[in-house]
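Peer 1: Quick one: structure below, then a few questions.
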Amino acid sequence: MRLTRTITDTNRAELMAALKAAPAGATFELVDDPRTLEQNKLMWALLNEVSTQLPWGDPPQHYEPDDWKCAFMKAAGHKLRFMPAIDGNGVVALGYRSSRLRKEQFSDLIETIYSQGLQRGVVFPA
């Protein structure tokens with residue numbers, strides 16, 4: 001079971017009860033100042049613009065918004081990790097979970113998307 005909630009005055013008791021009822025070995029994660037839904041919506045809008053407008057690589061190709069998110073998270077200074085692919089052909093990038101970013105980190109990511117996109121000719125809507 002996964003329970004993700006924003007703590008409020010009205011649900012604090014419910015969350016404490018869920019924590020007390022959790023079995024030994026369960027994981028509890030408290031994220032201080034998580035990114036907002038507005039930030040998340042903006043990020044995906046920007047990533048869609050980059051994905052549509054910016055061919056990348058040699059030969060140039062269009063990448064999916066989720067691929068661009070990984071590239072921008074790396075550009076924003078987040079740690080890059082790899083594991084060998086299951087089929088033994090290449091590697092897989094790991095650890096790019098923007099949902100775990102705090103507001104400030106998420107703002108840095110959005111600024112990186114704007115900056116890098118604008119430098120490469122992406123036109124973002126006003």
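Naming works like this for the structure tokens: A, B, ... for the chains as they're shown, residue 1 at the start of each chain, ligands 1 onward in shown order.
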Using DSSP on the backbone coordinates, identify all residues within region 16-119 of chain A classified as strand (DSSP E or B); present the result as an MDAnalysis selection string.

Peer 2: chainID A and resid 34 56 61 81:84 91:94 102

Peer 1: Quick one: write out the picked residues with C-alpha atoms as a PDB file, in the first residue's frame?

Peer 2:
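Result saved to part.pdb:
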ATOM      1  CA  PRO A  34       7.338  19.389  -1.885  1.00  0.00           C
ATOM      2  CA  TRP A  56      18.445  16.453 -30.707  1.00  0.00           C
ATOM      3  CA  GLN A  61      15.454  13.086 -33.516  1.00  0.00           C
ATOM      4  CA  ARG A  81      23.105   6.791 -12.064  1.00  0.00           C
ATOM      5  CA  PHE A  82      23.131   3.854 -14.462  1.00  0.00           C
ATOM      6  CA  MET A  83      22.584   0.130 -14.352  1.00  0.00           C
ATOM      7  CA  PRO A  84      23.285  -2.428 -17.061  1.00  0.00           C
ATOM      8  CA  VAL A  91      22.658   0.856 -19.823  1.00  0.00           C
ATOM      9  CA  VAL A  92      19.531   2.334 -18.233  1.00  0.00           C
ATOM     10  CA  ALA A  93      19.465   5.723 -16.455  1.00  0.00           C
ATOM     11  CA  LEU A  94      18.047   5.611 -12.914  1.00  0.00           C
ATOM     12  CA  ARG A 102      11.369  20.291  -2.999  1.00  0.00           C
TER      13      ARG A 102
END

Peer 1: Show me, as a PyMOL selection string, the residues that have an atom within 9 Å of Ser98 (chain A) when counting only C-alpha atoms, minus same-chain residues fewer than 4 positions from it.

Peer 2: chain A and resi 35+40+69+73+102+106+109

Peer 1: Take the residues just selected and output them with C-alpha atoms as a PDB file, in the first residue's frame.

Peer 2:
ATOM      1  CA  ARG A  35       6.867  20.779  -5.355  1.00  0.00           C
ATOM      2  CA  ASN A  40       4.409  20.126 -12.018  1.00  0.00           C
ATOM      3  CA  LYS A  69      12.954  15.593 -18.042  1.00  0.00           C
ATOM      4  CA  MET A  73      17.376  17.064 -14.251  1.00  0.00           C
ATOM      5  CA  ARG A 102      11.369  20.291  -2.999  1.00  0.00           C
ATOM      6  CA  PHE A 106      11.765  22.157  -8.726  1.00  0.00           C
ATOM      7  CA  LEU A 109      14.649  22.526 -12.731  1.00  0.00           C
TER       8      LEU A 109
END

Peer 1: List the neighbours of Arg2 (chain A) out to 12 Å using only C-alpha atoms; skip same-chain residues closer than 6 positions along the sequence, and give me the result as an NGL selection string.

Peer 2: :A and (18-19 or 22 or 26-29)

Peer 1: Find the nearest atom pair between each residue of region 2-95 of chain A and region 112-115 of chain A for residues within 9 Å, count only C-alpha atoms, give distances in Å to one decimal, sort rows by chain and ascending number, and present the table as a tab-separated table.

Peer 2:
residue	atom	partner	partner_atom	distance
A:Met43	CA	A:Ile113	CA	8.0
A:Leu46	CA	A:Ile113	CA	7.1
A:Leu47	CA	A:Ile113	CA	7.6
A:Val50	CA	A:Ile113	CA	8.4
A:Trp68	CA	A:Ile113	CA	9.0
A:Lys69	CA	A:Ile113	CA	8.5
A:Phe72	CA	A:Ile113	CA	6.2
A:Met73	CA	A:Thr112	CA	8.3
A:Ala75	CA	A:Thr112	CA	7.1
A:Ala76	CA	A:Thr112	CA	6.0

Peer 1: Put those residues in a file: C-alpha atoms, as a CSV table (one decimal), in the first residue's frame.

Peer 2:
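What ended up in out22.csv:
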chain,number,residue,atom,x,y,z
A,43,MET,CA,7.2,21.5,-16.1
A,46,LEU,CA,7.6,23.2,-21.0
A,47,LEU,CA,8.8,19.6,-21.6
A,50,VAL,CA,10.9,21.1,-26.0
A,68,TRP,CA,13.8,15.5,-21.7
A,69,LYS,CA,13.0,15.6,-18.0
A,72,PHE,CA,17.2,18.6,-17.7
A,73,MET,CA,17.4,17.1,-14.3
A,75,ALA,CA,21.6,19.7,-16.4
A,76,ALA,CA,20.1,21.1,-13.1

Peer 1: So the first atom is CA of Gly117 (chain A) and the second is CA of Gln105 (chain A); what is the distance between them in Å, to one decimal place?

Peer 2: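 Between CA of Gly117 (chain A) and CA of Gln105 (chain A) the gap is 18.1 Å.
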
Peer 1: Between CA of His62 (chain A) and CA of Lys41 (chain A), what is the distance in Å, rounded to a tenth?

Peer 2: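 Taking CA of His62 (chain A) and CA of Lys41 (chain A), their separation equals 21.0 Å.
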